[in-house]
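Structure first, commentary second.
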Amino acid sequence: MTEVTQVAFVTVDTHVMDTRTQRASRTAGFSLIELMIITVILGVLATIAIPVFHVYQLRTKSAEAGTNIGAISIAELSYFSEFGQFLTIAPEPPTIPGPRKVTFDGAGSGFAEIGFNPQGSVYFSYGVTASADGSGFAIDAGSDIDGDGIVQFWGYVKPDGAGGIPAGQVGCNTAALAAETIGPCSVSAGRSVF
């Protein structure tokens, strides 16, 4: 009698193992519908994230202008305290850059004379115009950072003793700038893209 019980037990045990194996093999992967749903969700997230990333990338590139204009204004003020006048400096780089960085070659220019030299390449072209009496100046910067043909202009002005504002060298409408404030040269000249 013991032998029969053992045989029946082995048969039942084998049947239980076969059922578990079948269930495990059916739930081991994803169905085609599940994979399609995941693909659609990832597509929607990419559609939202890529343009937002592009906007942040443009904002970061534009931040360079504010930083460098601030550094140039400090260098000009230091130059003024030593020599009693502000210095006019031709635009560097000479042409307005596009979406890629270009080399800033300040050696031998007025930028070297005032002690301004940014690290590495730049997205913007920078220029300085001193007033006729040397008591005021305007800094402007321009770039087509997104390559759409629309140049973004930023600037800073320090009016001369009579309140006059020098014109920009790169293309900024300096008359539209608030005195001693770094910002876009007009509503459409700064952050128009974003």
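Chain labels A, B, ... are given in the sequence in which chains occur in the structure tokens; within each chain residues are numbered consecutively from 1, and ligands are likewise numbered from 1 in the order shown.
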Near-region 135-137 of chain A list (7 Å; only C-alpha atoms; drop same-chain fewer than 3 positions) as JSON, numbers by chain: {"A": [85, 86, 128, 129, 130, 131, 157, 158, 159, 160, 161, 166]}
Can you build me a table of region 130-159 of chain A residues sitting at most 12 Å from region 65-73 of chain A, with the closest atom pair per residue and its distance in Å to one decimal, using only C-alpha atoms, sorted by chain and residue number, as CSV?
```
residue,atom,partner,partner_atom,distance
A:Ala130,CA,A:Ser73,CA,11.5
A:Gly136,CA,A:Ser73,CA,10.9
A:Phe137,CA,A:Ser73,CA,8.8
A:Ala138,CA,A:Ser73,CA,8.8
A:Ile139,CA,A:Ile69,CA,6.7
A:Asp140,CA,A:Ile69,CA,7.5
A:Ala141,CA,A:Ala65,CA,6.6
A:Gly142,CA,A:Ala65,CA,8.3
A:Ser143,CA,A:Ala65,CA,9.1
A:Ile145,CA,A:Ala65,CA,11.0
A:Gln152,CA,A:Ala65,CA,9.9
A:Phe153,CA,A:Ala65,CA,8.9
A:Trp154,CA,A:Ala65,CA,6.8
A:Gly155,CA,A:Ile69,CA,7.1
A:Tyr156,CA,A:Ile69,CA,7.1
A:Val157,CA,A:Ser73,CA,8.9
A:Lys158,CA,A:Ser73,CA,8.9
```
Selected residues written out with N, CA and C atoms, as a PDB file, in the first residue's frame:
```pdb
ATOM      1  N   ALA A 130      32.533 104.768 -26.905  1.00  0.00           N
ATOM      2  CA  ALA A 130      32.640 105.824 -25.896  1.00  0.00           C
ATOM      3  C   ALA A 130      32.009 107.095 -26.445  1.00  0.00           C
ATOM      4  N   GLY A 136      31.036 108.773 -21.093  1.00  0.00           N
ATOM      5  CA  GLY A 136      29.963 107.775 -21.128  1.00  0.00           C
ATOM      6  C   GLY A 136      30.317 106.702 -22.142  1.00  0.00           C
ATOM      7  N   PHE A 137      29.614 105.584 -22.103  1.00  0.00           N
ATOM      8  CA  PHE A 137      29.882 104.529 -23.074  1.00  0.00           C
ATOM      9  C   PHE A 137      28.668 103.631 -23.253  1.00  0.00           C
ATOM     10  N   ALA A 138      28.677 102.888 -24.353  1.00  0.00           N
ATOM     11  CA  ALA A 138      27.643 101.889 -24.630  1.00  0.00           C
ATOM     12  C   ALA A 138      28.338 100.594 -25.039  1.00  0.00           C
ATOM     13  N   ILE A 139      27.889  99.507 -24.477  1.00  0.00           N
ATOM     14  CA  ILE A 139      28.383  98.176 -24.845  1.00  0.00           C
ATOM     15  C   ILE A 139      27.223  97.457 -25.510  1.00  0.00           C
ATOM     16  N   ASP A 140      27.481  96.813 -26.631  1.00  0.00           N
ATOM     17  CA  ASP A 140      26.437  96.004 -27.234  1.00  0.00           C
ATOM     18  C   ASP A 140      26.997  94.689 -27.730  1.00  0.00           C
ATOM     19  N   ALA A 141      26.112  93.711 -27.819  1.00  0.00           N
ATOM     20  CA  ALA A 141      26.485  92.361 -28.239  1.00  0.00           C
ATOM     21  C   ALA A 141      25.391  91.822 -29.148  1.00  0.00           C
ATOM     22  N   GLY A 142      25.789  91.036 -30.131  1.00  0.00           N
ATOM     23  CA  GLY A 142      24.812  90.463 -31.053  1.00  0.00           C
ATOM     24  C   GLY A 142      25.176  89.044 -31.433  1.00  0.00           C
ATOM     25  N   SER A 143      24.141  88.207 -31.626  1.00  0.00           N
ATOM     26  CA  SER A 143      24.342  86.826 -32.043  1.00  0.00           C
ATOM     27  C   SER A 143      23.049  86.265 -32.625  1.00  0.00           C
ATOM     28  N   ILE A 145      21.923  83.030 -32.180  1.00  0.00           N
ATOM     29  CA  ILE A 145      22.220  81.785 -31.469  1.00  0.00           C
ATOM     30  C   ILE A 145      21.404  80.590 -31.935  1.00  0.00           C
ATOM     31  N   GLN A 152      19.967  88.520 -32.153  1.00  0.00           N
ATOM     32  CA  GLN A 152      19.606  88.917 -30.807  1.00  0.00           C
ATOM     33  C   GLN A 152      20.628  89.953 -30.339  1.00  0.00           C
ATOM     34  N   PHE A 153      20.164  91.132 -29.887  1.00  0.00           N
ATOM     35  CA  PHE A 153      21.069  92.194 -29.433  1.00  0.00           C
ATOM     36  C   PHE A 153      20.859  92.477 -27.947  1.00  0.00           C
ATOM     37  N   TRP A 154      21.964  92.582 -27.220  1.00  0.00           N
ATOM     38  CA  TRP A 154      21.955  92.919 -25.807  1.00  0.00           C
ATOM     39  C   TRP A 154      22.873  94.106 -25.602  1.00  0.00           C
ATOM     40  N   GLY A 155      22.639  94.880 -24.551  1.00  0.00           N
ATOM     41  CA  GLY A 155      23.487  96.043 -24.343  1.00  0.00           C
ATOM     42  C   GLY A 155      23.459  96.598 -22.932  1.00  0.00           C
ATOM     43  N   TYR A 156      24.302  97.642 -22.780  1.00  0.00           N
ATOM     44  CA  TYR A 156      24.447  98.355 -21.505  1.00  0.00           C
ATOM     45  C   TYR A 156      24.906  99.765 -21.856  1.00  0.00           C
ATOM     46  N   VAL A 157      24.319 100.777 -21.220  1.00  0.00           N
ATOM     47  CA  VAL A 157      24.758 102.156 -21.460  1.00  0.00           C
ATOM     48  C   VAL A 157      25.031 102.873 -20.149  1.00  0.00           C
ATOM     49  N   LYS A 158      26.061 103.699 -20.198  1.00  0.00           N
ATOM     50  CA  LYS A 158      26.356 104.646 -19.117  1.00  0.00           C
ATOM     51  C   LYS A 158      26.363 106.007 -19.799  1.00  0.00           C
TER      52      LYS A 158
END
```
Residue among A:Cys185, A:Ile37, A:Val44, A:Val170 lying closest to Pro93 (chain A), counting only C-alpha atoms: A:Val170
Which residue of A:Ile48, A:Val55, A:Ile38, A:Val122 approaches Val102 (chain A) most closely, using only C-alpha atoms: A:Val122
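In this comparison, which uses only C-alpha atoms, the residue of A:Phe83, A:Ala75, A:Pro184, A:Glu64 approaching Gln119 (chain A) most closely is A:Glu64.
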Nearest residue to Tyr123 (chain A) from the set A:Thr174, A:Gly163, A:Leu58, A:Leu77 (distances using only C-alpha atoms):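 Smallest separation from Tyr123 (chain A) among the options: A:Leu58.
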Gap from CA of Ala132 (chain A) to CA of Glu113 (chain A) - Å, one decimal: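 Straight-line distance from CA of Ala132 (chain A) to CA of Glu113 (chain A) works out to 19.1 Å.
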From A:Thr39, A:Ser78, A:Thr88, A:Ser125, residue lying nearest Ala167 (chain A) [only C-alpha atoms]: A:Thr88
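Distances here use only C-alpha atoms; by that measure, the residue among A:Ala162, A:Gly127, A:Gly29, A:Ile150 closest to Thr95 (chain A) is A:Gly127.
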Secondary structure check, helix (DSSP H, G or I) residues of region 15-157 of chain A, as a PyMOL selection string: chain A and resi 15-26+32-83+110-114
All residues 10 Å or closer to Ile74 (chain A), only C-alpha atoms, same chain fewer than 6 positions away omitted, as a list in words: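 Residues near the query, excluding close chain neighbours: Asn68, Phe80, Ile114, Gly115 and Phe116 of chain A.
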One-decimal distance in Å that lies between CA of Tyr126 (chain A) and CA of Glu92 (chain A):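 Interatomic distance, CA of Glu92 (chain A) to CA of Tyr126 (chain A): 5.4 Å.
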Length of the CA of Ala175 (chain A) to CA of Glu82 (chain A) vector [Å]: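 The value is 27.5 Å.
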Test item, strand (DSSP E) assignment across chain A, answer as a ChimeraX atom specification: /A:89-92,102-103,121-122,125-130,137-143,152-158,183-184
Generate the output file for the selected residues, N, CA and C atoms, as a tab-separated table (two decimals), in the first residue's frame.
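Resulting contents of result.tsv:
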```tsv
chain	number	residue	atom	x	y	z
A	89	ILE	N	35.95	100.48	-28.51
A	89	ILE	CA	36.57	99.22	-28.93
A	89	ILE	C	35.77	98.63	-30.09
A	90	ALA	N	36.46	98.30	-31.16
A	90	ALA	CA	35.82	97.69	-32.34
A	90	ALA	C	35.25	96.32	-31.98
A	91	PRO	N	34.19	95.92	-32.67
A	91	PRO	CA	33.56	94.63	-32.36
A	91	PRO	C	34.53	93.44	-32.50
A	92	GLU	N	34.40	92.52	-31.57
A	92	GLU	CA	35.18	91.29	-31.59
A	92	GLU	C	34.27	90.15	-31.15
A	102	VAL	N	32.50	80.95	-31.62
A	102	VAL	CA	33.63	81.40	-32.43
A	102	VAL	C	34.73	81.91	-31.51
A	103	THR	N	35.91	82.00	-32.06
A	103	THR	CA	37.07	82.45	-31.28
A	103	THR	C	37.00	83.94	-31.01
A	121	SER	N	35.86	80.28	-26.49
A	121	SER	CA	35.09	80.86	-27.59
A	121	SER	C	33.81	81.50	-27.06
A	122	VAL	N	33.15	82.29	-27.94
A	122	VAL	CA	31.95	83.02	-27.54
A	122	VAL	C	30.83	82.83	-28.56
A	125	SER	N	29.16	88.67	-30.53
A	125	SER	CA	30.17	89.66	-30.90
A	125	SER	C	29.95	90.86	-29.98
A	126	TYR	N	31.04	91.42	-29.45
A	126	TYR	CA	30.95	92.52	-28.47
A	126	TYR	C	31.65	93.76	-28.99
A	127	GLY	N	31.08	94.92	-28.75
A	127	GLY	CA	31.69	96.19	-29.12
A	127	GLY	C	31.39	97.26	-28.09
A	128	VAL	N	32.25	98.28	-28.02
A	128	VAL	CA	32.08	99.39	-27.06
A	128	VAL	C	32.23	100.70	-27.81
A	129	THR	N	31.33	101.64	-27.53
A	129	THR	CA	31.42	102.98	-28.09
A	129	THR	C	31.48	103.97	-26.94
A	130	ALA	N	32.53	104.77	-26.91
A	130	ALA	CA	32.64	105.82	-25.90
A	130	ALA	C	32.01	107.09	-26.44
A	137	PHE	N	29.61	105.58	-22.10
A	137	PHE	CA	29.88	104.53	-23.07
A	137	PHE	C	28.67	103.63	-23.25
A	138	ALA	N	28.68	102.89	-24.35
A	138	ALA	CA	27.64	101.89	-24.63
A	138	ALA	C	28.34	100.59	-25.04
A	139	ILE	N	27.89	99.51	-24.48
A	139	ILE	CA	28.38	98.18	-24.85
A	139	ILE	C	27.22	97.46	-25.51
A	140	ASP	N	27.48	96.81	-26.63
A	140	ASP	CA	26.44	96.00	-27.23
A	140	ASP	C	27.00	94.69	-27.73
A	141	ALA	N	26.11	93.71	-27.82
A	141	ALA	CA	26.48	92.36	-28.24
A	141	ALA	C	25.39	91.82	-29.15
A	142	GLY	N	25.79	91.04	-30.13
A	142	GLY	CA	24.81	90.46	-31.05
A	142	GLY	C	25.18	89.04	-31.43
A	143	SER	N	24.14	88.21	-31.63
A	143	SER	CA	24.34	86.83	-32.04
A	143	SER	C	23.05	86.26	-32.62
A	152	GLN	N	19.97	88.52	-32.15
A	152	GLN	CA	19.61	88.92	-30.81
A	152	GLN	C	20.63	89.95	-30.34
A	153	PHE	N	20.16	91.13	-29.89
A	153	PHE	CA	21.07	92.19	-29.43
A	153	PHE	C	20.86	92.48	-27.95
A	154	TRP	N	21.96	92.58	-27.22
A	154	TRP	CA	21.96	92.92	-25.81
A	154	TRP	C	22.87	94.11	-25.60
A	155	GLY	N	22.64	94.88	-24.55
A	155	GLY	CA	23.49	96.04	-24.34
A	155	GLY	C	23.46	96.60	-22.93
A	156	TYR	N	24.30	97.64	-22.78
A	156	TYR	CA	24.45	98.36	-21.50
A	156	TYR	C	24.91	99.77	-21.86
A	157	VAL	N	24.32	100.78	-21.22
A	157	VAL	CA	24.76	102.16	-21.46
A	157	VAL	C	25.03	102.87	-20.15
A	158	LYS	N	26.06	103.70	-20.20
A	158	LYS	CA	26.36	104.65	-19.12
A	158	LYS	C	26.36	106.01	-19.80
A	183	GLY	N	20.51	94.44	-20.62
A	183	GLY	CA	19.27	93.85	-21.10
A	183	GLY	C	19.18	93.83	-22.60
A	184	PRO	N	18.07	93.29	-23.13
A	184	PRO	CA	17.88	93.28	-24.58
A	184	PRO	C	17.71	94.71	-25.09
```
